[in-house]
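Novice: Pasting a structure below so you can have a look.
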Amino acid sequence: MPLVEEQELYLVGFGPVDSPHIAWNVASPQFTLSPAEQAQAVVSHGVGELWVRQIGTYSQSSALHLFTLS
C-alpha cells in the first residue's frame with residue numbers, strides 16, 4: 001500500500017522499544033542484518049527483540065516485532 005507521507009523512513013531497533021541497544025534509520029522497506037552482525041548484537045547486549053517502526057511526519061507507528069535474536 002502506498003505511504004501517505006512526505007518521505008519513507010523506518011526505525012529498526014534491537015532491544016527495548018523505548019531505549020534500544022542499537023537502532024538503524026532505514027529509507028526503504030528493506031533491512032539486512034548479516035549473521036555476523038546478529039551474533040555481535042547478541043554478544044554485546046544479550047538476547048533481544050528486533051523490531052521496526054514507521055516514522056511518519058507527525059508520529060511513529062507502534063513497534064512491530066520482527067523476531068528475537070538469540
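Within each chain, counting starts at residue 1; across the C-alpha cells, chains are named A, B, ... in the order shown, with ligands numbered 1 upward in that order.
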Would you mind listing what lies within 12 Å of range 40-44 of chain A as a list in words, with only C-alpha atoms counted and same-chain residues fewer than 3 positions away left out?
Specialist: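 What passes the distance filter is Gly13, Phe14, Gly15, Pro20, His21, Ile22, Ala23, Leu33, Ser34, Pro35, Ala36, Glu37, Val47, Gly48, Glu49, Leu50, Thr68, Leu69 and Ser70 of chain A.
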Novice: Quick one: DSSP strand (DSSP E) residues in range 4-33 of chain A, as a count of residues only?
Specialist: 10
Novice: Residues at most 8 Å from Trp51 in chain A, counting only C-alpha atoms, excluding those fewer than 3 positions away in the same chain, as JSON, numbers by chain?
Specialist: {"A": [12, 13, 14, 17, 63, 64, 65, 66, 67]}
Novice: Go ahead and write the residues just picked, N, CA and C atoms, as a compact mmCIF listing (two decimals), in the first residue's frame.
Specialist:
# COMPACT_ATOMS: atom_id res chain seq x y z
N VAL A 12 14.53 0.76 12.74
CA VAL A 12 14.69 -0.64 13.11
C VAL A 12 15.52 -0.65 14.39
N GLY A 13 15.07 -1.39 15.38
CA GLY A 13 15.78 -1.40 16.65
C GLY A 13 16.00 -2.80 17.19
N PHE A 14 17.00 -2.91 18.04
CA PHE A 14 17.29 -4.16 18.74
C PHE A 14 17.28 -3.86 20.22
N VAL A 17 11.94 -1.22 23.04
CA VAL A 17 11.45 -0.22 22.10
C VAL A 17 11.72 1.19 22.60
N ALA A 63 5.59 -0.29 17.44
CA ALA A 63 6.66 -1.19 17.02
C ALA A 63 6.07 -2.53 16.58
N LEU A 64 6.61 -3.06 15.50
CA LEU A 64 6.22 -4.37 15.01
C LEU A 64 7.38 -5.32 15.27
N HIS A 65 7.14 -6.34 16.08
CA HIS A 65 8.16 -7.34 16.39
C HIS A 65 8.48 -8.14 15.13
N LEU A 66 9.77 -8.20 14.77
CA LEU A 66 10.18 -8.99 13.61
C LEU A 66 10.60 -10.39 14.03
N PHE A 67 11.55 -10.47 14.96
CA PHE A 67 11.95 -11.75 15.54
C PHE A 67 12.88 -11.51 16.70
Novice: Under the rule that only C-alpha atoms are counted, which of A:Thr57, A:Ser62, A:Asn25, A:Ser19 is the nearest residue to Val4 in chain A?
Specialist: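 Smallest distance to Val4 in chain A is found for A:Thr57.
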Novice: I want to know what sits within 6 Å of range 53-56 of chain A, based on only C-alpha atoms, with residues of the same chain fewer than 5 positions away left out; could you give that as a list in words?
Specialist: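 Here the qualifying residues turn out to be Leu9, Tyr10, Leu11, Ser61 and Ala63 of chain A.
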Novice: Keeping only N, CA, C and O atoms, write those residues as a compact mmCIF listing (two decimals), in the first residue's frame.
Specialist:
# COMPACT_ATOMS: atom_id res chain seq x y z
N LEU A 9 10.44 6.42 5.76
CA LEU A 9 11.50 6.27 6.74
C LEU A 9 11.05 5.32 7.84
O LEU A 9 9.90 5.38 8.29
N TYR A 10 11.95 4.44 8.22
CA TYR A 10 11.67 3.45 9.25
C TYR A 10 12.77 3.48 10.30
O TYR A 10 13.91 3.84 10.01
N LEU A 11 12.43 3.07 11.50
CA LEU A 11 13.39 2.89 12.57
C LEU A 11 13.39 1.41 12.92
O LEU A 11 12.36 0.86 13.29
N SER A 61 4.76 4.85 14.19
CA SER A 61 3.82 3.75 14.38
C SER A 61 4.21 2.96 15.62
O SER A 61 5.30 3.12 16.17
N ALA A 63 5.59 -0.29 17.44
CA ALA A 63 6.66 -1.19 17.02
C ALA A 63 6.07 -2.53 16.58
O ALA A 63 5.16 -3.05 17.21
Novice: Can you work out which one of A:Ala39, A:Ala27, A:Asp18, A:Thr32 has the shortest atom-to-atom distance to Glu6 in chain A, counting only C-alpha atoms?
Specialist: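 Closest candidate: A:Ala27.
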